[in-house]
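Q: This is final_39.csv (CSV, C-alpha atoms).
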chain,number,residue,atom,x,y,z
A,29,MET,CA,32.3,18.9,4.5
A,30,ALA,CA,34.5,16.6,6.4
A,31,SER,CA,33.0,13.3,7.8
A,32,THR,CA,32.8,13.1,11.6
A,33,GLN,CA,32.1,9.3,11.6
A,34,SER,CA,34.2,7.3,14.0
A,35,HIS,CA,34.4,3.6,13.1
A,36,THR,CA,33.8,1.2,16.1
A,37,ALA,CA,34.8,-2.3,16.9
A,38,ALA,CA,31.4,-3.3,15.6
A,39,ASP,CA,32.9,-3.1,12.1
A,40,SER,CA,34.6,-6.4,12.8
A,41,LYS,CA,31.2,-8.1,13.0
A,42,LYS,CA,29.8,-6.4,9.9
A,43,THR,CA,29.3,-8.8,7.0
A,44,ASP,CA,27.6,-8.9,3.7
A,45,GLU,CA,24.9,-11.2,5.0
A,46,ILE,CA,21.5,-9.4,4.5
A,47,LEU,CA,19.3,-9.9,7.6
A,48,LEU,CA,16.4,-7.8,6.5
A,49,SER,CA,15.4,-6.8,2.9
A,50,VAL,CA,12.5,-4.3,2.5
A,51,ASP,CA,11.2,-3.7,-1.0
A,52,ASP,CA,8.6,-1.1,-2.2
A,53,LEU,CA,6.9,-0.6,1.2
A,54,ARG,CA,3.9,1.6,1.0
A,55,VAL,CA,1.7,2.6,4.0
A,56,GLN,CA,-1.3,4.8,4.1
A,57,PHE,CA,-3.8,6.1,6.7
A,58,ASN,CA,-7.4,7.0,6.3
A,59,THR,CA,-8.0,10.3,8.1
A,60,ASP,CA,-10.8,13.0,8.2
A,61,ASP,CA,-8.6,15.1,5.8
A,62,GLY,CA,-8.2,12.3,3.3
A,63,ILE,CA,-5.8,9.4,2.7
A,64,VAL,CA,-2.3,10.1,4.1
A,65,GLN,CA,0.5,8.4,2.1
A,66,ALA,CA,2.8,8.0,5.0
A,67,VAL,CA,5.4,5.8,3.3
A,68,ARG,CA,5.8,5.7,-0.4
A,69,GLY,CA,7.8,3.0,-2.1
A,70,LEU,CA,10.6,2.6,0.5
A,71,SER,CA,13.3,-0.1,-0.2
A,72,PHE,CA,16.5,-1.0,1.7
A,73,ASP,CA,18.7,-3.9,2.8
A,74,LEU,CA,20.1,-4.3,6.3
A,75,LYS,CA,23.3,-6.3,6.8
A,76,ARG,CA,24.5,-8.2,9.8
A,77,GLY,CA,26.5,-6.0,12.1
A,78,GLU,CA,25.8,-2.7,10.5
A,79,THR,CA,24.0,0.3,11.8
A,80,LEU,CA,21.6,1.9,9.3
A,81,GLY,CA,20.6,5.5,10.3
A,82,ILE,CA,17.2,7.0,9.2
A,83,VAL,CA,17.0,10.7,9.4
A,84,GLY,CA,14.4,13.4,8.4
A,85,GLU,CA,11.9,15.8,9.9
A,86,SER,CA,8.9,14.7,11.9
A,87,GLY,CA,6.3,13.2,9.7
A,88,SER,CA,8.7,12.0,7.0
A,89,GLY,CA,7.7,8.3,7.6
A,90,LYS,CA,10.7,7.1,9.7
A,91,SER,CA,8.7,5.6,12.6
A,92,VAL,CA,5.8,4.4,10.5
A,93,THR,CA,8.3,2.4,8.3
A,94,ASN,CA,9.6,0.5,11.3
A,95,LEU,CA,6.2,0.0,13.0
A,96,ALA,CA,5.0,-1.5,9.7
A,97,ILE,CA,7.9,-3.9,9.7
A,98,MET,CA,7.1,-4.9,13.3
A,99,GLY,CA,3.4,-5.4,12.5
A,100,LEU,CA,2.3,-2.6,14.8
A,101,ILE,CA,0.4,-0.4,12.3
A,102,PRO,CA,-3.2,-0.2,13.5
A,103,GLN,CA,-5.4,-1.5,10.7
A,104,PRO,CA,-7.7,0.4,10.3
A,105,PRO,CA,-7.0,3.3,10.0
A,106,GLY,CA,-3.6,2.2,8.7
A,107,LYS,CA,-3.1,0.0,5.7
A,108,ILE,CA,0.0,-1.6,4.1
A,109,THR,CA,-0.8,-1.3,0.4
A,110,SER,CA,2.3,-3.0,-1.0
A,111,GLY,CA,5.8,-4.2,-0.3
A,112,THR,CA,7.7,-7.0,1.4
A,113,ALA,CA,10.0,-7.2,4.4
A,114,MET,CA,12.0,-10.4,4.2
A,115,TYR,CA,13.7,-11.9,7.3
A,116,GLN,CA,15.1,-15.4,7.3
A,117,GLY,CA,13.1,-16.3,4.2
A,118,LYS,CA,9.8,-15.0,5.7
A,119,ASP,CA,7.8,-11.9,4.7
A,120,LEU,CA,7.2,-10.1,8.0
A,121,LEU,CA,4.3,-8.1,6.5
A,122,LYS,CA,2.4,-11.3,5.7
A,123,LEU,CA,3.1,-13.5,8.8
A,124,PRO,CA,0.3,-14.6,11.1
A,125,ILE,CA,0.3,-12.7,14.3
A,126,ARG,CA,1.2,-15.8,16.4
A,127,GLU,CA,4.3,-16.4,14.3
A,128,LEU,CA,5.2,-12.7,14.2
A,129,SER,CA,5.0,-12.5,18.0
A,130,GLU,CA,7.7,-15.2,18.3
A,131,ILE,CA,10.0,-13.0,16.3
A,132,ARG,CA,9.0,-9.6,17.7
A,133,GLY,CA,10.8,-8.8,21.0
A,134,ASN,CA,13.0,-11.8,20.5
A,135,ARG,CA,14.9,-11.8,17.1
A,136,ILE,CA,13.7,-8.3,16.2
A,137,ALA,CA,13.4,-5.9,19.1
A,138,MET,CA,12.3,-2.2,19.1
A,139,ILE,CA,13.0,0.7,21.4
A,140,PHE,CA,9.9,2.9,21.2
A,141,GLN,CA,10.0,6.7,20.9
A,142,ASP,CA,7.8,7.5,23.8
A,143,PRO,CA,8.9,6.1,27.1
A,144,MET,CA,6.0,7.6,29.0
A,145,THR,CA,3.4,5.4,27.2
A,146,ALA,CA,5.3,2.3,26.1
A,147,LEU,CA,5.5,0.7,29.5
A,148,ASN,CA,2.4,-0.8,31.2
A,149,PRO,CA,1.6,1.4,34.2
A,150,PHE,CA,-0.2,-1.4,36.0
A,151,LEU,CA,2.8,-3.8,36.0
A,152,THR,CA,6.1,-3.5,37.8
A,153,VAL,CA,9.3,-3.2,35.8
A,154,GLU,CA,10.2,-6.8,37.0
A,155,GLU,CA,7.0,-8.2,35.5
A,156,GLN,CA,7.6,-6.5,32.2
A,157,LEU,CA,11.3,-7.4,31.9
A,158,THR,CA,10.8,-11.0,33.0
A,159,GLU,CA,7.9,-11.6,30.6
A,160,VAL,CA,10.2,-11.2,27.7
A,161,THR,CA,12.9,-13.6,28.9
A,162,ARG,CA,10.5,-16.2,30.3
A,163,LYS,CA,8.7,-16.3,27.0
A,164,HIS,CA,11.6,-16.2,24.5
A,165,LEU,CA,14.6,-17.5,26.5
A,166,LYS,CA,12.5,-20.0,28.6
A,167,LEU,CA,14.1,-18.8,31.8
A,168,ASN,CA,12.6,-19.7,35.2
A,169,TYR,CA,11.4,-17.0,37.5
A,170,LYS,CA,14.6,-16.7,39.6
A,171,ASP,CA,16.9,-16.6,36.6
A,172,SER,CA,14.6,-14.1,34.7
A,173,VAL,CA,14.7,-11.7,37.7
A,174,ALA,CA,18.4,-12.0,37.9
A,175,HIS,CA,18.7,-11.3,34.2
A,176,ALA,CA,16.4,-8.3,34.6
A,177,ILE,CA,18.5,-6.8,37.4
A,178,GLU,CA,21.7,-7.3,35.3
A,179,MET,CA,20.1,-5.5,32.3
A,180,LEU,CA,19.0,-2.6,34.5
A,181,LYS,CA,22.5,-2.4,35.8
A,182,LYS,CA,23.9,-2.3,32.3
A,183,VAL,CA,21.7,0.6,31.3
A,184,GLY,CA,22.8,2.7,34.3
A,185,ILE,CA,20.0,2.4,36.8
A,186,ALA,CA,21.2,2.6,40.4
A,187,SER,CA,20.2,0.0,42.9
A,188,PRO,CA,18.7,-2.2,40.2
A,189,GLU,CA,17.9,-5.1,42.7
A,190,LYS,CA,15.5,-2.7,44.4
A,191,ARG,CA,14.2,-0.6,41.5
A,192,VAL,CA,13.3,-3.7,39.5
A,193,PHE,CA,10.2,-4.1,41.7
A,194,ASP,CA,9.0,-0.5,41.2
A,195,TYR,CA,6.3,0.7,38.9
A,196,PRO,CA,6.9,2.9,35.8
A,197,HIS,CA,5.5,6.0,37.5
A,198,GLN,CA,8.2,5.8,40.1
A,199,PHE,CA,10.8,6.4,37.4
A,200,SER,CA,11.7,9.6,35.6
A,201,GLY,CA,11.3,9.8,31.8
A,202,GLY,CA,14.9,9.1,31.2
A,203,MET,CA,14.9,6.1,33.5
A,204,ARG,CA,11.8,4.7,31.7
A,205,GLN,CA,13.7,5.1,28.5
A,206,ARG,CA,16.5,3.0,30.0
A,207,VAL,CA,14.1,0.4,31.1
A,208,MET,CA,12.8,0.1,27.6
A,209,ILE,CA,16.3,-0.2,26.2
A,210,ALA,CA,17.0,-3.0,28.8
A,211,MET,CA,13.9,-4.8,27.6
A,212,ALA,CA,14.8,-4.5,24.0
A,213,LEU,CA,18.3,-5.8,24.6
A,214,SER,CA,17.3,-8.7,26.9
A,215,CYS,CA,17.2,-11.4,24.2
A,216,LYS,CA,20.2,-10.2,22.2
A,217,PRO,CA,18.2,-9.7,19.0
A,218,ASP,CA,19.4,-10.1,15.5
A,219,ILE,CA,17.9,-6.7,14.6
A,220,LEU,CA,17.4,-3.8,17.0
A,221,ILE,CA,15.1,-1.0,15.8
A,222,ALA,CA,15.9,2.1,17.9
A,223,ASP,CA,13.4,4.9,17.5
A,224,GLU,CA,15.0,8.0,19.1
A,225,PRO,CA,16.5,5.9,21.8
A,226,THR,CA,18.4,8.7,23.6
A,227,THR,CA,16.0,11.6,23.3
A,228,ALA,CA,15.1,11.7,27.0
A,229,LEU,CA,18.6,11.1,28.2
A,230,ASP,CA,21.4,13.5,29.2
A,231,VAL,CA,24.6,13.4,27.2
A,232,THR,CA,26.4,11.2,29.7
A,233,ILE,CA,23.8,8.5,29.8
A,234,GLN,CA,23.3,8.9,26.0
A,235,ALA,CA,26.9,8.0,25.5
A,236,GLN,CA,26.6,4.9,27.8
A,237,ILE,CA,23.5,3.7,26.0
A,238,LEU,CA,25.1,4.1,22.6
A,239,GLU,CA,28.2,2.3,23.9
A,240,LEU,CA,25.9,-0.5,25.2
A,241,MET,CA,24.2,-0.9,21.8
A,242,GLN,CA,27.6,-1.0,20.0
A,243,GLN,CA,28.9,-3.6,22.5
A,244,LEU,CA,25.9,-5.8,21.7
A,245,GLN,CA,26.7,-5.3,18.0
A,246,GLU,CA,30.3,-6.2,18.5
A,247,GLU,CA,29.5,-9.3,20.5
A,248,GLU,CA,26.5,-10.7,18.6
A,249,GLY,CA,26.7,-9.1,15.2
A,250,THR,CA,23.4,-7.3,15.8
A,251,ALA,CA,22.1,-5.1,13.0
A,252,ILE,CA,20.7,-1.8,14.2
A,253,ILE,CA,18.2,0.6,12.6
A,254,LEU,CA,18.7,3.9,14.3
A,255,ILE,CA,16.0,6.6,13.9
A,256,THR,CA,17.1,10.0,15.1
A,257,HIS,CA,17.1,13.7,14.6
A,258,ASP,CA,20.6,13.9,15.9
A,259,LEU,CA,23.1,13.9,13.0
A,260,GLY,CA,25.9,13.9,15.5
A,261,VAL,CA,24.8,10.5,16.7
A,262,ILE,CA,24.5,9.3,13.1
A,263,ALA,CA,28.0,10.5,12.3
A,264,ASN,CA,29.5,8.5,15.2
A,265,VAL,CA,27.6,5.2,15.1
A,266,ALA,CA,26.0,4.6,11.7
A,267,HIS,CA,27.5,3.0,8.6
A,268,ARG,CA,24.8,4.0,6.1
A,269,VAL,CA,22.0,6.5,6.1
A,270,LEU,CA,18.6,6.8,4.6
A,271,VAL,CA,17.4,10.5,4.3
A,272,MET,CA,13.6,10.5,4.2
A,273,TYR,CA,11.3,13.3,3.2
A,274,ALA,CA,7.5,13.1,2.7
A,275,GLY,CA,7.4,9.4,3.0
A,276,ARG,CA,10.2,8.7,0.5
A,277,VAL,CA,13.9,8.1,0.6
A,278,VAL,CA,15.6,11.1,-1.1
A,279,GLU,CA,19.1,10.0,-0.4
A,280,LYS,CA,20.7,6.7,0.4
A,281,THR,CA,24.5,6.6,1.0
A,282,SER,CA,27.3,5.9,3.4
A,283,VAL,CA,27.7,8.2,6.5
A,284,SER,CA,31.1,9.4,5.3
A,285,GLU,CA,29.6,10.4,1.9
A,286,LEU,CA,26.6,12.1,3.4
A,287,PHE,CA,28.8,14.4,5.5
A,288,ALA,CA,31.5,14.9,2.9
A,289,ASP,CA,29.4,15.2,-0.2
A,290,PRO,CA,25.6,15.3,0.3
A,291,ARG,CA,23.8,15.2,-3.1
A,292,HIS,CA,20.1,16.0,-2.4
A,293,PRO,CA,19.1,19.6,-1.6
A,294,TYR,CA,17.2,18.4,1.5
A,295,SER,CA,20.3,16.5,2.8
A,296,ILE,CA,22.3,19.7,2.3
A,297,GLY,CA,19.7,21.7,4.2
A,298,LEU,CA,19.7,19.3,7.1
A,299,LEU,CA,23.5,19.6,7.5
A,300,GLU,CA,23.5,23.4,7.0
A,301,SER,CA,20.9,23.8,9.8
A,302,ILE,CA,23.0,22.3,12.6
A,303,PRO,CA,26.0,24.0,14.4
A,304,ARG,CA,29.5,22.8,13.6
A,305,ILE,CA,32.5,22.9,15.9
A,306,ASP,CA,34.9,23.6,12.9
A,307,GLU,CA,33.2,26.9,12.0
A,308,ARG,CA,33.7,30.3,13.6
A,309,ASN,CA,31.4,31.2,16.5
A,310,ASP,CA,29.5,33.9,14.6
A,311,ALA,CA,28.6,31.6,11.7
A,312,GLN,CA,24.9,31.8,10.8
A,313,LEU,CA,22.9,28.6,10.7
A,314,GLN,CA,20.8,28.1,7.5
A,315,PRO,CA,17.4,26.7,8.4
A,316,ILE,CA,15.3,25.0,5.7
A,317,PRO,CA,12.6,27.5,4.8
A,318,GLY,CA,8.9,26.6,4.7
A,319,GLN,CA,7.1,23.5,6.1
A,320,PRO,CA,6.8,19.9,5.0
A,321,PRO,CA,4.0,19.2,2.6
A,322,ASP,CA,0.5,18.1,3.6
A,323,MET,CA,0.7,14.3,3.2
A,324,ALA,CA,-3.0,14.1,2.6
A,325,HIS,CA,-2.9,16.5,-0.4
A,326,LEU,CA,0.5,15.9,-2.1
A,327,LYS,CA,1.0,17.9,-5.2
A,328,GLN,CA,2.3,16.7,-8.5
A,329,GLY,CA,6.0,16.7,-8.9
A,330,CYS,CA,8.8,16.8,-6.3
A,331,SER,CA,7.6,17.1,-2.7
A,332,PHE,CA,10.5,19.3,-1.8
A,333,TYR,CA,9.8,21.8,-4.6
A,334,ASP,CA,8.4,24.6,-2.5
A,335,ARG,CA,11.4,24.6,-0.2
A,336,CYS,CA,14.2,23.8,-2.6
A,337,PRO,CA,16.6,26.7,-3.5
A,338,PHE,CA,17.6,24.9,-6.7
A,339,ARG,CA,14.1,24.0,-8.2
A,340,GLN,CA,13.5,23.9,-11.9
A,341,ASP,CA,10.3,23.8,-14.0
A,342,ARG,CA,10.7,20.0,-14.4
A,343,CYS,CA,10.6,19.5,-10.7
A,344,LEU,CA,7.0,21.0,-10.6
A,345,LYS,CA,5.7,18.3,-13.0
A,346,GLU,CA,7.8,15.1,-12.3
A,347,ASP,CA,8.7,13.3,-9.1
A,348,PRO,CA,12.4,12.3,-9.3
A,349,LEU,CA,13.4,8.6,-8.7
A,350,LEU,CA,16.5,7.5,-7.0
A,351,VAL,CA,19.5,7.5,-9.3
A,352,ALA,CA,23.2,6.6,-8.7
A,353,SER,CA,25.3,9.3,-7.3
A,354,PRO,CA,28.5,10.3,-9.1
A,355,SER,CA,30.4,9.6,-5.9
A,356,ALA,CA,28.5,6.9,-4.0
A,357,GLY,CA,25.0,5.9,-3.0
A,358,GLN,CA,21.8,7.2,-4.6
A,359,PHE,CA,19.7,10.4,-4.5
A,360,ALA,CA,16.4,11.5,-5.9
A,361,CYS,CA,17.0,14.8,-7.7
A,362,PHE,CA,17.1,15.9,-11.3
A,363,VAL,CA,20.1,18.1,-10.7
A,364,ASP,CA,23.6,17.2,-9.8
A,365,VAL,CA,24.5,19.7,-7.1
A,366,ASP,CA,28.2,19.8,-8.0
A,367,ASN,CA,28.3,19.4,-11.8
A,368,THR,CA,25.3,21.4,-12.9
A,369,PRO,CA,25.2,25.2,-12.5
A,370,ARG,CA,22.0,26.3,-10.8
A,371,GLN,CA,20.4,29.6,-10.0
A,372,VAL,CA,19.3,29.8,-6.4
A,373,VAL,CA,15.7,31.0,-6.0
A,374,GLU,CA,13.7,32.2,-3.0
A,375,ALA,CA,11.5,29.4,-1.6
A,376,GLU,CA,7.8,30.3,-1.5
Could you render the structure as structure tokens?

A:
Amino acid sequence: MASTQSHTAADSKKTDEILLSVDDLRVQFNTDDGIVQAVRGLSFDLKRGETLGIVGESGSGKSVTNLAIMGLIPQPPGKITSGTAMYQGKDLLKLPIRELSEIRGNRIAMIFQDPMTALNPFLTVEEQLTEVTRKHLKLNYKDSVAHAIEMLKKVGIASPEKRVFDYPHQFSGGMRQRVMIAMALSCKPDILIADEPTTALDVTIQAQILELMQQLQEEEGTAIILITHDLGVIANVAHRVLVMYAGRVVEKTSVSELFADPRHPYSIGLLESIPRIDERNDAQLQPIPGQPPDMAHLKQGCSFYDRCPFRQDRCLKEDPLLVASPSAGQFACFVDVDNTPRQVVEAE
């Protein structure tokens, strides 16, 4: 498979400086069905100026990972059972709420997945945008309103000098998403966590928003964690990718390697289930069979076993750890997809 990644000007700001280092993060939730292991031993480093993509099906632990980093996991029913998230010498998972609130929305910002519920319906857009800049940038009211209008203009909202005084219910879902993006970018954060930032947007606005995020990255060296189901977006803006399944990283590699030489069967399945412009029109998509596992009742062995066309007896008993790939990156599978002959079996 050929890579479709296009390198951007943001590469000029990409360095080896590690802004965020997450190690062995584990998050669980107590539910009526039992304890759900939502994130199981996740580790990664995020460098200044890079975009790290996180992909996987719904329920794989992508959003929970970043909510835990931001200190937004409700406890109870949630609980962070282990791990560290180091930022500027501080463990975000152990910071007092007052100290964390000075970082959250300022040096680390997040674009939330659901624009319909993330904004306060009782406050105008102006009140919500200016609160951020008055608190963290110490702007006076006049300057904070001017800044809010400028940010709304940047994210493509028409007549921002008027719309800034409207309430969230007066905006469409896509426009609310743009307001959230404007809020997240207001303080020019070191790290931007974008959880499905373009889901509610049409393709034209999507391109504008992605360009705005890349512009911020180019100018400020901002590191971006991009959570998305859209592999096309990943191919065009990300540098590295974490592929998550059942709360674990099953592949960790560069974007070019993921598209050119995916190693984990799940990664292969994701790529084969999307249409490609370089294939004939009548080419059949290959969906991944079956359903993700019940996270409250995980079986012994590899969580992808029931859906894997290359499974072996060993996979039923052991859960593979991340190992170095022959080409680049890491993957969690007992079988090398290129160098070991395998018999394809029907998934149950």

Q: Using all atoms listed in the file, which residues sit within 8 Å of Gln328 (chain A) once same-chain residues fewer than 3 positions away are excluded, as a PyMOL selection string?

A: chain A and resi 331+344-347

Q: Write the residues of the preceding selection, restricted to C-alpha atoms, as a short mmCIF file (atom, residue, chain, number, x, y, z; two decimals), in the frame of the given file.

A:
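Written file, again31.cif:
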data_model
loop_
_atom_site.label_atom_id
_atom_site.label_comp_id
_atom_site.auth_asym_id
_atom_site.auth_seq_id
_atom_site.Cartn_x
_atom_site.Cartn_y
_atom_site.Cartn_z
CA SER A 331 7.60 17.10 -2.70
CA LEU A 344 7.00 21.00 -10.60
CA LYS A 345 5.70 18.30 -13.00
CA GLU A 346 7.80 15.10 -12.30
CA ASP A 347 8.70 13.30 -9.10
#

Q: Distance cut-off 12 Å, centre (19.7, 1.1, 28.0) in file coordinates, counting only C-alpha atoms: which residues qualify? Return them as JSON, numbers by chain.

A: {"A": [139, 143, 176, 178, 179, 180, 181, 182, 183, 184, 185, 202, 203, 204, 205, 206, 207, 208, 209, 210, 211, 212, 213, 214, 222, 225, 226, 228, 229, 233, 234, 235, 236, 237, 238, 239, 240, 241, 242, 243, 244]}

Q: Go through A:Thr93, A:Thr281, A:Asn58, A:Ser49 and flag the residue nearest Gln116 (chain A), using all atoms listed in the file for the distances.

A: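 The closest residue to Gln116 (chain A) is A:Ser49.
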
Q: From the options A:Val55, A:Ile46, A:Val231, A:Val363, which residue's atoms come nearest to Gln340 (chain A), counting all atoms listed in the file?

A: A:Val363

Q: Find the residues around Val92 (chain A) up to 9 Å (only C-alpha atoms counted), leave out those fewer than 5 positions away in its own chain, and share them as a list in words.

A: Val55, Ala66, Val67, Gly87, Ile97, Leu100 and Ile101 of chain A

Q: Determine, using all atoms listed in the file, which residues of region 331-370 of chain A have any atom at most 12 Å from an atom of region 286-289 of chain A, and tabulate each with its shortest atom pair and distance in Å to one decimal place, rows ordered by chain and then rising number, as JSON lines.

A:
{"residue": "A:Ser353", "atom": "CA", "partner": "A:Asp289", "partner_atom": "CA", "distance": 10.1}
{"residue": "A:Pro354", "atom": "CA", "partner": "A:Asp289", "partner_atom": "CA", "distance": 10.2}
{"residue": "A:Ser355", "atom": "CA", "partner": "A:Asp289", "partner_atom": "CA", "distance": 8.1}
{"residue": "A:Ala356", "atom": "CA", "partner": "A:Asp289", "partner_atom": "CA", "distance": 9.2}
{"residue": "A:Gly357", "atom": "CA", "partner": "A:Leu286", "partner_atom": "CA", "distance": 9.1}
{"residue": "A:Gln358", "atom": "CA", "partner": "A:Leu286", "partner_atom": "CA", "distance": 10.5}
{"residue": "A:Phe359", "atom": "CA", "partner": "A:Leu286", "partner_atom": "CA", "distance": 10.6}
{"residue": "A:Asp364", "atom": "CA", "partner": "A:Asp289", "partner_atom": "CA", "distance": 11.4}
{"residue": "A:Val365", "atom": "CA", "partner": "A:Asp289", "partner_atom": "CA", "distance": 9.6}
{"residue": "A:Asp366", "atom": "CA", "partner": "A:Asp289", "partner_atom": "CA", "distance": 9.1}

Q: So how far away is CA of Ile252 (chain A) from CA of Val283 (chain A), in Å?

A: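 These two atoms are separated by 14.4 Å.
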
Q: Would you please work out which residue, of A:Arg191, A:Glu130, A:Gly201, A:Ile219, is nearest to Leu147 (chain A) when using all atoms listed in the file?

A: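 The closest residue to Leu147 (chain A) is A:Gly201.
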
Q: Between A:Leu349, A:Leu53, A:Phe72, A:Thr79, single out the one closest to Val265 (chain A), counting all atoms listed in the file.

A: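 Looking at the shortest contact to Val265 (chain A), the residue is A:Thr79.
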
Q: List every protein, DNA or RNA residue with an atom no more than 9 Å from (14.5, -5.3, 8.1) in the file's coordinates, counting only C-alpha atoms, and format the result as a list in words.

A: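 Looking at atoms near the point gives Ile46, Leu47, Leu48, Ser49, Val50, Phe72, Asp73, Leu74, Lys75, Asn94, Ile97, Ala113, Met114, Tyr115, Leu120, Ile136, Ile219, Ile221 and Ile253 of chain A.
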
Q: Could you take the residues named above and write them with C-alpha atoms, as a tab-separated table (two decimals), in the frame of the given file?

A:
chain	number	residue	atom	x	y	z
A	46	ILE	CA	21.50	-9.40	4.50
A	47	LEU	CA	19.30	-9.90	7.60
A	48	LEU	CA	16.40	-7.80	6.50
A	49	SER	CA	15.40	-6.80	2.90
A	50	VAL	CA	12.50	-4.30	2.50
A	72	PHE	CA	16.50	-1.00	1.70
A	73	ASP	CA	18.70	-3.90	2.80
A	74	LEU	CA	20.10	-4.30	6.30
A	75	LYS	CA	23.30	-6.30	6.80
A	94	ASN	CA	9.60	0.50	11.30
A	97	ILE	CA	7.90	-3.90	9.70
A	113	ALA	CA	10.00	-7.20	4.40
A	114	MET	CA	12.00	-10.40	4.20
A	115	TYR	CA	13.70	-11.90	7.30
A	120	LEU	CA	7.20	-10.10	8.00
A	136	ILE	CA	13.70	-8.30	16.20
A	219	ILE	CA	17.90	-6.70	14.60
A	221	ILE	CA	15.10	-1.00	15.80
A	253	ILE	CA	18.20	0.60	12.60

Q: Tell me which protein, DNA and RNA residues are within 12 Å of Asp341 (chain A), counting only C-alpha atoms, leaving out same-chain ones fewer than 6 positions away, and put them as a list in words.

A: Gly329, Cys330, Tyr333, Asp334, Asp347, Phe362 and Val363 of chain A

Q: Per residue of region 51-133 of chain A within 12 Å of region 157-170 of chain A, what are the shortest atom pair and its distance in Å to one decimal, counting only C-alpha atoms, with rows by chain and residue number, as JSON lines?

A:
{"residue": "A:Ser129", "atom": "CA", "partner": "A:His164", "partner_atom": "CA", "distance": 10.0}
{"residue": "A:Glu130", "atom": "CA", "partner": "A:His164", "partner_atom": "CA", "distance": 7.4}
{"residue": "A:Ile131", "atom": "CA", "partner": "A:His164", "partner_atom": "CA", "distance": 8.9}
{"residue": "A:Arg132", "atom": "CA", "partner": "A:His164", "partner_atom": "CA", "distance": 9.8}
{"residue": "A:Gly133", "atom": "CA", "partner": "A:Val160", "partner_atom": "CA", "distance": 7.1}

Q: One decimal, in Å: what's the spacing between CA of Pro303 (chain A) and CA of His267 (chain A)?

A: 21.8 Å

Q: If you count only C-alpha atoms, which residues fall within 9 Å of Pro293 (chain A), apart from same-chain ones fewer than 6 positions away, as a short mmCIF file (atom, residue, chain, number, x, y, z; two decimals) with C-alpha atoms, in the coordinates of the input?

A:
data_model
loop_
_atom_site.label_atom_id
_atom_site.label_comp_id
_atom_site.auth_asym_id
_atom_site.auth_seq_id
_atom_site.Cartn_x
_atom_site.Cartn_y
_atom_site.Cartn_z
CA PHE A 332 10.50 19.30 -1.80
CA CYS A 336 14.20 23.80 -2.60
CA PRO A 337 16.60 26.70 -3.50
CA PHE A 338 17.60 24.90 -6.70
CA CYS A 361 17.00 14.80 -7.70
CA VAL A 365 24.50 19.70 -7.10
#

Q: So which one's closest to Pro321 (chain A), A:Thr43, A:Thr59, A:Gln65, A:Gln245? Using all atoms listed in the file, please.

A: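 Closest residue, counting all atoms listed in the file: A:Gln65.
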
Q: Between A:Gly111, A:Asp60, A:Gln156, A:Val277, which is the closest to Leu350 (chain A) once you count only C-alpha atoms?

A: A:Val277

Q: One decimal, in Å: what's the spacing between CA of Thr152 (chain A) and CA of Glu127 (chain A)?

A: 26.9 Å
